[in-house]
$ cat model-v8.cif   # mmCIF, C-alpha atoms
data_protein
#
loop_
_atom_site.label_atom_id
_atom_site.label_comp_id
_atom_site.auth_asym_id
_atom_site.auth_seq_id
_atom_site.Cartn_x
_atom_site.Cartn_y
_atom_site.Cartn_z
CA MET A 26 101.79 23.73 26.50
CA THR A 27 103.31 20.33 27.26
CA ALA A 28 102.85 17.96 24.33
CA GLN A 29 100.10 15.43 24.94
CA SER A 30 99.84 12.21 22.97
CA ILE A 31 96.74 11.68 20.83
CA ASP A 32 95.66 8.06 20.78
CA ILE A 33 94.85 6.77 17.29
CA PRO A 34 93.64 3.14 17.04
CA THR A 35 95.84 0.79 15.05
CA SER A 36 94.97 -1.92 12.54
CA PRO A 37 96.67 -5.34 12.25
CA ALA A 38 98.84 -3.87 9.48
CA THR A 39 100.20 -1.13 11.75
CA ALA A 40 100.10 -2.67 15.23
CA ASP A 41 103.87 -3.31 15.36
CA LEU A 42 105.07 0.11 14.22
CA GLY A 43 105.82 1.41 17.69
CA ASP A 44 106.69 5.11 17.64
CA ALA A 45 107.56 5.33 13.94
CA LEU A 46 104.76 7.89 13.68
CA ILE A 47 104.01 10.08 16.69
CA VAL A 48 100.73 11.97 17.10
CA GLU A 49 100.44 14.65 19.76
CA ARG A 50 98.96 18.05 20.47
CA ALA A 51 101.07 21.02 19.47
CA SER A 52 98.39 23.25 21.04
CA ASP A 53 94.73 23.04 22.02
CA THR A 54 93.63 23.26 18.38
CA THR A 55 96.62 21.91 16.42
CA ALA A 56 97.77 18.30 16.11
CA LEU A 57 101.39 17.44 15.33
CA VAL A 58 102.21 14.29 13.34
CA THR A 59 105.91 13.39 13.36
CA ILE A 60 107.53 10.83 11.07
CA ASN A 61 110.00 9.30 13.51
CA ARG A 62 112.66 7.15 11.85
CA PRO A 63 115.57 9.59 11.97
CA ASP A 64 118.17 6.84 11.52
CA GLN A 65 116.59 6.18 8.10
CA ARG A 66 115.94 9.86 7.37
CA ASN A 67 112.26 9.10 8.03
CA ALA A 68 111.82 6.84 5.00
CA LEU A 69 108.28 5.45 4.88
CA THR A 70 107.66 1.71 5.04
CA LEU A 71 104.49 0.17 3.66
CA ALA A 72 103.06 -0.09 7.18
CA MET A 73 103.84 3.60 7.72
CA TRP A 74 101.90 4.57 4.59
CA VAL A 75 98.93 2.67 6.01
CA ARG A 76 99.41 4.33 9.39
CA LEU A 77 99.53 7.81 7.86
CA ALA A 78 96.12 7.15 6.34
CA GLU A 79 94.76 5.88 9.66
CA ILE A 80 96.07 8.94 11.48
CA PHE A 81 94.67 11.55 9.11
CA GLU A 82 91.36 9.73 8.78
CA ALA A 83 91.05 9.70 12.58
CA LEU A 84 92.16 13.31 13.09
CA ALA A 85 89.60 14.41 10.51
CA GLU A 86 86.90 13.41 13.00
CA ARG A 87 88.34 15.40 15.93
CA SER A 88 86.04 18.41 16.20
CA GLU A 89 88.33 20.34 18.55
CA LEU A 90 91.15 20.46 15.99
CA ARG A 91 91.53 23.28 13.50
CA ALA A 92 94.81 22.25 11.91
CA ILE A 93 97.39 19.48 11.58
CA VAL A 94 101.16 19.91 11.16
CA LEU A 95 103.18 17.09 9.57
CA THR A 96 106.95 16.99 10.10
CA GLY A 97 109.93 14.69 10.40
CA ALA A 98 112.28 13.97 13.30
CA GLY A 99 116.03 14.42 13.49
CA GLY A 100 116.58 17.18 10.94
CA ALA A 101 114.96 15.42 7.97
CA PHE A 102 111.40 15.65 6.69
CA CYS A 103 111.17 12.38 4.78
CA ALA A 104 113.53 10.55 2.42
CA GLY A 105 110.57 8.98 0.62
CA ALA A 106 109.63 5.33 0.43
CA ASN A 107 111.80 2.72 2.11
CA ILE A 108 113.43 1.23 -0.99
CA LYS A 109 115.16 -1.42 1.11
CA GLU A 110 111.86 -3.29 1.51
CA PHE A 111 110.84 -3.13 -2.17
CA ASP A 112 112.11 -6.65 -2.89
CA THR A 113 109.50 -7.86 -0.40
CA VAL A 114 106.56 -5.49 -0.54
CA ARG A 115 106.73 -4.86 -4.31
CA ALA A 116 107.95 -8.31 -5.36
CA THR A 117 105.05 -9.07 -7.72
CA ASN A 118 102.71 -7.01 -9.86
CA ASP A 119 99.92 -7.57 -7.32
CA ASP A 120 102.23 -6.45 -4.53
CA ALA A 121 103.15 -3.32 -6.46
CA LEU A 122 99.48 -2.50 -7.09
CA HIS A 123 98.68 -2.96 -3.40
CA TYR A 124 101.61 -0.75 -2.43
CA ALA A 125 100.45 1.98 -4.82
CA ALA A 126 96.92 1.74 -3.42
CA MET A 127 98.19 2.27 0.13
CA VAL A 128 100.23 5.29 -0.96
CA ASP A 129 97.14 6.70 -2.69
CA ARG A 130 95.05 6.07 0.43
CA ALA A 131 97.48 8.08 2.55
CA THR A 132 97.65 10.87 -0.02
CA VAL A 133 93.86 11.11 -0.23
CA ALA A 134 93.51 11.06 3.57
CA ILE A 135 95.82 14.07 3.82
CA THR A 136 94.42 15.92 0.80
CA ARG A 137 90.78 15.53 1.80
CA CYS A 138 91.24 16.07 5.50
CA PRO A 139 88.74 18.80 6.48
CA LYS A 140 91.35 20.49 8.70
CA ALA A 141 94.00 22.90 7.43
CA THR A 142 97.18 20.89 6.95
CA TYR A 143 100.79 22.09 7.04
CA ALA A 144 104.04 20.35 6.17
CA ALA A 145 106.99 21.66 8.20
CA VAL A 146 110.02 20.78 6.09
CA SER A 147 113.62 20.71 7.28
CA GLY A 148 116.42 18.80 5.56
CA PRO A 149 115.77 16.21 2.83
CA CYS A 150 112.29 15.80 1.37
CA PHE A 151 112.52 13.19 -1.38
CA GLY A 152 110.15 11.08 -3.46
CA GLY A 153 107.20 10.02 -1.36
CA GLY A 154 108.16 12.73 1.12
CA VAL A 155 107.39 15.30 -1.56
CA GLY A 156 104.15 13.40 -2.14
CA VAL A 157 102.93 13.78 1.44
CA ALA A 158 104.16 17.39 1.59
CA VAL A 159 102.20 18.47 -1.50
CA ALA A 160 99.14 16.63 -0.19
CA CYS A 161 99.13 19.20 2.62
CA ASP A 162 97.50 22.59 2.11
CA PHE A 163 100.68 24.53 2.93
CA ARG A 164 104.40 23.78 3.04
CA ILE A 165 106.64 25.85 5.29
CA ALA A 166 110.34 25.14 4.81
CA ASP A 167 113.48 26.46 6.39
CA THR A 168 116.78 27.07 4.62
CA SER A 169 118.01 23.53 5.34
CA ALA A 170 115.23 22.00 3.21
CA TYR A 171 115.84 20.44 -0.18
CA PHE A 172 113.53 18.46 -2.44
CA ALA A 173 113.81 15.84 -5.18
CA ILE A 174 111.72 13.15 -6.86
CA THR A 175 113.96 10.41 -8.21
CA ALA A 176 111.32 8.09 -9.68
CA SER A 177 112.88 8.32 -13.15
CA ARG A 178 116.13 6.91 -11.74
CA LEU A 179 114.33 3.84 -10.39
CA SER A 180 111.96 3.19 -13.33
CA ILE A 181 108.93 4.04 -11.18
CA VAL A 182 105.81 5.84 -12.36
CA TYR A 183 104.00 7.75 -9.62
CA GLY A 184 100.34 6.96 -9.03
CA ILE A 185 97.45 9.25 -9.85
CA GLU A 186 96.96 10.78 -6.40
CA GLU A 187 100.60 11.73 -5.77
CA THR A 188 101.02 13.04 -9.31
CA ARG A 189 97.76 14.99 -9.14
CA ALA A 190 98.80 16.67 -5.87
CA LEU A 191 102.18 17.63 -7.34
CA TYR A 192 100.60 18.94 -10.55
CA HIS A 193 98.07 21.07 -8.70
CA THR A 194 100.85 22.47 -6.51
CA VAL A 195 103.56 23.39 -9.04
CA GLY A 196 101.83 23.23 -12.42
CA LEU A 197 102.43 21.09 -15.49
CA VAL A 198 105.89 22.24 -16.60
CA ALA A 199 107.48 22.17 -13.14
CA ALA A 200 105.85 18.79 -12.40
CA LYS A 201 107.34 17.37 -15.59
CA GLU A 202 110.74 18.80 -14.74
CA MET A 203 110.69 17.28 -11.26
CA LEU A 204 109.44 13.88 -12.40
CA PHE A 205 111.56 13.61 -15.56
CA SER A 206 114.88 14.88 -14.23
CA GLY A 207 115.09 13.94 -10.57
CA ARG A 208 116.93 17.22 -9.97
CA ARG A 209 117.35 18.68 -6.48
CA TYR A 210 115.58 21.90 -5.45
CA HIS A 211 116.78 23.91 -2.49
CA ALA A 212 114.34 26.03 -0.52
CA GLU A 213 114.60 29.14 -2.74
CA ASP A 214 114.11 27.07 -5.91
CA ALA A 215 111.15 25.31 -4.32
CA LEU A 216 109.59 28.65 -3.40
CA ARG A 217 110.07 29.88 -6.97
CA ILE A 218 108.06 27.02 -8.50
CA GLY A 219 105.37 27.03 -5.78
CA LEU A 220 106.48 23.79 -4.15
CA VAL A 221 106.99 25.72 -0.91
CA SER A 222 104.46 28.22 0.44
CA GLU A 223 106.89 30.04 2.72
CA ILE A 224 110.51 29.96 3.87
CA SER A 225 110.69 30.54 7.61
CA GLU A 226 113.29 32.79 9.21
CA GLY A 227 114.13 30.11 11.78
CA GLU A 228 113.28 26.41 11.94
CA ALA A 229 110.26 25.29 9.95
CA LEU A 230 108.35 23.48 12.71
CA PRO A 231 107.73 26.42 15.10
CA ALA A 232 106.75 28.58 12.14
CA ALA A 233 104.27 25.96 10.89
CA ILE A 234 102.73 25.50 14.35
CA ALA A 235 102.38 29.28 14.73
CA ALA A 236 100.66 29.51 11.34
CA ALA A 237 98.36 26.63 12.24
CA ASP A 238 97.47 28.16 15.59
CA GLU A 239 96.36 31.35 13.87
CA LEU A 240 93.38 29.38 12.59
CA ALA A 241 92.11 28.71 16.12
CA GLY A 242 89.58 31.51 15.83
CA CYS A 243 88.36 30.59 12.35
CA ALA A 244 85.19 28.68 11.60
CA PRO A 245 86.02 25.00 10.98
CA LEU A 246 82.97 24.48 8.77
CA SER A 247 84.20 27.30 6.53
CA ILE A 248 87.63 25.70 6.18
CA ALA A 249 86.20 22.24 5.53
CA GLY A 250 83.65 23.51 3.04
CA THR A 251 86.14 25.69 1.21
CA LYS A 252 88.46 22.71 0.76
CA ILE A 253 85.59 20.75 -0.82
CA VAL A 254 84.80 23.58 -3.26
CA LEU A 255 88.44 24.20 -4.16
CA GLU A 256 89.06 20.52 -4.76
CA ALA A 257 86.08 20.36 -7.13
CA LEU A 258 87.41 23.39 -9.00
CA THR A 259 90.98 22.07 -9.30
CA GLU A 260 89.70 18.69 -10.47
CA GLY A 261 87.33 20.27 -12.98
CA GLU A 262 84.48 18.32 -11.42
CA THR A 263 82.10 21.01 -10.24
CA ALA A 264 79.09 19.32 -11.86
CA GLU A 265 79.98 15.87 -10.52
CA ARG A 266 80.54 17.23 -7.01
CA GLU A 267 77.70 19.75 -6.95
CA GLU A 268 75.72 17.82 -4.32
CA ARG A 269 78.71 17.54 -1.98
CA MET A 270 79.43 21.24 -2.34
CA SER A 271 75.80 22.14 -1.73
CA VAL A 272 75.77 20.06 1.45
CA ALA A 273 78.88 21.87 2.70
CA VAL A 274 77.37 25.29 1.99
CA GLU A 275 74.05 24.40 3.63
CA ARG A 276 75.74 22.85 6.65
CA ALA A 277 77.68 26.06 7.28
CA VAL A 278 74.80 28.49 6.79
CA THR A 279 72.43 26.50 9.06
CA SER A 280 75.03 25.93 11.77
CA GLU A 281 75.30 27.25 15.29
CA ASP A 282 78.65 28.70 14.21
CA TYR A 283 76.96 30.87 11.58
CA ARG A 284 74.63 32.31 14.21
CA GLU A 285 77.58 32.79 16.56
CA GLY A 286 79.56 34.57 13.86
CA ARG A 287 76.76 37.04 13.19
CA ALA A 288 76.21 37.66 16.89
CA ALA A 289 79.92 38.22 17.51
CA PHE A 290 80.10 40.68 14.60
CA ALA A 291 77.14 42.66 15.95
CA GLU A 292 78.55 42.64 19.48
CA LYS A 293 82.08 43.54 18.33
CA ARG A 294 83.69 40.52 19.99
CA ARG A 295 85.66 37.48 18.86
CA PRO A 296 83.44 34.54 17.88
CA HIS A 297 83.73 31.17 19.57
CA PHE A 298 83.30 28.48 16.95
CA THR A 299 82.63 24.84 17.79
CA GLY A 300 82.16 23.23 14.38
CA ARG A 301 78.46 22.71 14.96
#
$ encode --input "model-v8.cif" --output "structure tokens"
Amino acid sequence: MTAQSIDIPTSPATADLGDALIVERASDTTALVTINRPDQRNALTLAMWVRLAEIFEALAERSELRAIVLTGAGGAFCAGANIKEFDTVRATNDDALHYAAMVDRATVAITRCPKATYAAVSGPCFGGGVGVAVACDFRIADTSAYFAITASRLSIVYGIEETRALYHTVGLVAAKEMLFSGRRYHAEDALRIGLVSEISEGEALPAAIAAADELAGCAPLSIAGTKIVLEALTEGETAEREERMSVAVERAVTSEDYREGRAAFAEKRRPHFTGR
């Protein structure tokens, strides 16, 4: 299908970004979010961090979507934060705290999005780029991809949300190695430590869209509810989040989709799920 733009309202903080982040339909059920600053290897400005949060928060409410693919333009995924603006946007302690809060907001918006999320990684994926990639449910890379977190070379400590996402993706030892050393991981190394879910035979983006489109026939309430339960388990907060999990379970089992699923099974046909 021909790509169609998806209109996401802007805030005063992001009104002047232009096409630095593009949101469009990759298919009827999959949205494609493209980081579009190829001349800067898609480095993220403060306004872009805010915009990422706005985009994923808005797409979370789109009932027709089953999945979201995040990628970068021009042969790079994302070179991380735009260090060139740090003297301005992180000039004071308060500025630095605000910056960290906006990064955390974007990370949470991606992590807690009720849709299945995929990062399609080609070329460099550094620093904050790794952060947004591991916030996604799956990372599909091609052989051009390489990853590094260079915070230790800039005297930066990553915030709780980015670090948590990395830790849950690669585990404690590999997270320490990445954060302490700043070493570079090519696609095969990234697959070995669990940073990458899959290495595609061709380019990463078509492979990620194809994987996302496979979810078109799956029940969206099941995906959303499963993400809630898995997050509670990985955070060790099953007691604290018991009510939220119970709501997700009850919403699914009392839904029209549950009745449709049973009917389709009995009638030996494919179900048509609507998220209701």
$ residues_around --input "model-v8.cif" --residues "segment 234-239 of chain A" --least-positions-apart "6" --cutoff "10 Å" --atoms "all atoms listed in the file" --output "ChimeraX atom specification"
/A:51-57,90-95,140-145,163,165
$ closest_residue --input "model-v8.cif" --among "A:Ala116, A:Ala85, A:Ile47, A:Ala166" --to "Pro231 of chain A" --atoms "only C-alpha atoms"
A:Ala166
$ residues_around --input "model-v8.cif" --residues "Ser206 of chain A" --least-positions-apart "2" --cutoff "8 Å" --atoms "all atoms listed in the file" --output "list of chain:residue names"
A:Thr175, A:Ser177, A:Glu202, A:Met203, A:Leu204, A:Arg208
$ residues_around --input "model-v8.cif" --residues "segment 187-189 of chain A" --least-positions-apart "2" --cutoff "8 Å" --atoms "all atoms listed in the file" --output "list in words"
Asp129, Thr132, Gly156, Val157, Ala160, Tyr183, Gly184, Ile185, Leu191, Tyr192 and His193 of chain A
$ resolve_selection --input "model-v8.cif" --expression "the PyMOL selection byres ((chain A and resi 106) around 9)" --output "ChimeraX atom specification"
/A:67-71,74,103-105,107-111,151-154
$ write_last_selection --input "model-v8.cif" --atoms "C-alpha atoms" --output "PDB file, keeping the file's coordinate frame"
ATOM      1  CA  ASN A  67     112.260   9.100   8.030  1.00  0.00           C
ATOM      2  CA  ALA A  68     111.820   6.840   5.000  1.00  0.00           C
ATOM      3  CA  LEU A  69     108.280   5.450   4.880  1.00  0.00           C
ATOM      4  CA  THR A  70     107.660   1.710   5.040  1.00  0.00           C
ATOM      5  CA  LEU A  71     104.490   0.170   3.660  1.00  0.00           C
ATOM      6  CA  TRP A  74     101.900   4.570   4.590  1.00  0.00           C
ATOM      7  CA  CYS A 103     111.170  12.380   4.780  1.00  0.00           C
ATOM      8  CA  ALA A 104     113.530  10.550   2.420  1.00  0.00           C
ATOM      9  CA  GLY A 105     110.570   8.980   0.620  1.00  0.00           C
ATOM     10  CA  ASN A 107     111.800   2.720   2.110  1.00  0.00           C
ATOM     11  CA  ILE A 108     113.430   1.230  -0.990  1.00  0.00           C
ATOM     12  CA  LYS A 109     115.160  -1.420   1.110  1.00  0.00           C
ATOM     13  CA  GLU A 110     111.860  -3.290   1.510  1.00  0.00           C
ATOM     14  CA  PHE A 111     110.840  -3.130  -2.170  1.00  0.00           C
ATOM     15  CA  PHE A 151     112.520  13.190  -1.380  1.00  0.00           C
ATOM     16  CA  GLY A 152     110.150  11.080  -3.460  1.00  0.00           C
ATOM     17  CA  GLY A 153     107.200  10.020  -1.360  1.00  0.00           C
ATOM     18  CA  GLY A 154     108.160  12.730   1.120  1.00  0.00           C
TER      19      GLY A 154
END
$ atom_distance --input "model-v8.cif" --atom1 "atom CA of Leu122 of chain A" --atom2 "atom CA of Cys150 of chain A"
23.9 Å
$ closest_residue --input "model-v8.cif" --among "A:Gly219, A:Gly99, A:Leu255, A:Ala78" --to "Glu267 of chain A" --atoms "all atoms listed in the file"
A:Leu255
$ residues_around --input "model-v8.cif" --residues "Ile218 of chain A" --least-positions-apart "6" --cutoff "10 Å" --atoms "all atoms listed in the file" --output "PyMOL selection string"
chain A and resi 194-196+198-200+210
$ residues_around --input "model-v8.cif" --residues "Arg137 of chain A" --least-positions-apart "4" --cutoff "12 Å" --atoms "only C-alpha atoms" --output "NGL selection string"
:A and (78 or 81-82 or 84-85 or 129-133 or 141-142 or 160-162 or 186 or 190 or 248-257)
$ closest_residue --input "model-v8.cif" --among "A:Ala232, A:Met270, A:Ala244, A:Leu220" --to "Arg284 of chain A" --atoms "all atoms listed in the file"
A:Ala244
$ atom_distance --input "model-v8.cif" --atom1 "atom CA of Leu240 of chain A" --atom2 "atom CA of Ser280 of chain A"
18.7 Å
$ atom_distance --input "model-v8.cif" --atom1 "atom CA of His297 of chain A" --atom2 "atom CA of Thr136 of chain A"
26.4 Å
$ closest_residue --input "model-v8.cif" --among "A:Ala38, A:Ala83, A:Ala215, A:Val75" --to "Ala126 of chain A" --atoms "only C-alpha atoms"
A:Val75
$ closest_residue --input "model-v8.cif" --among "A:Ala288, A:Ala125, A:Ala101, A:Ala40" --to "Phe172 of chain A" --atoms "only C-alpha atoms"
A:Ala101
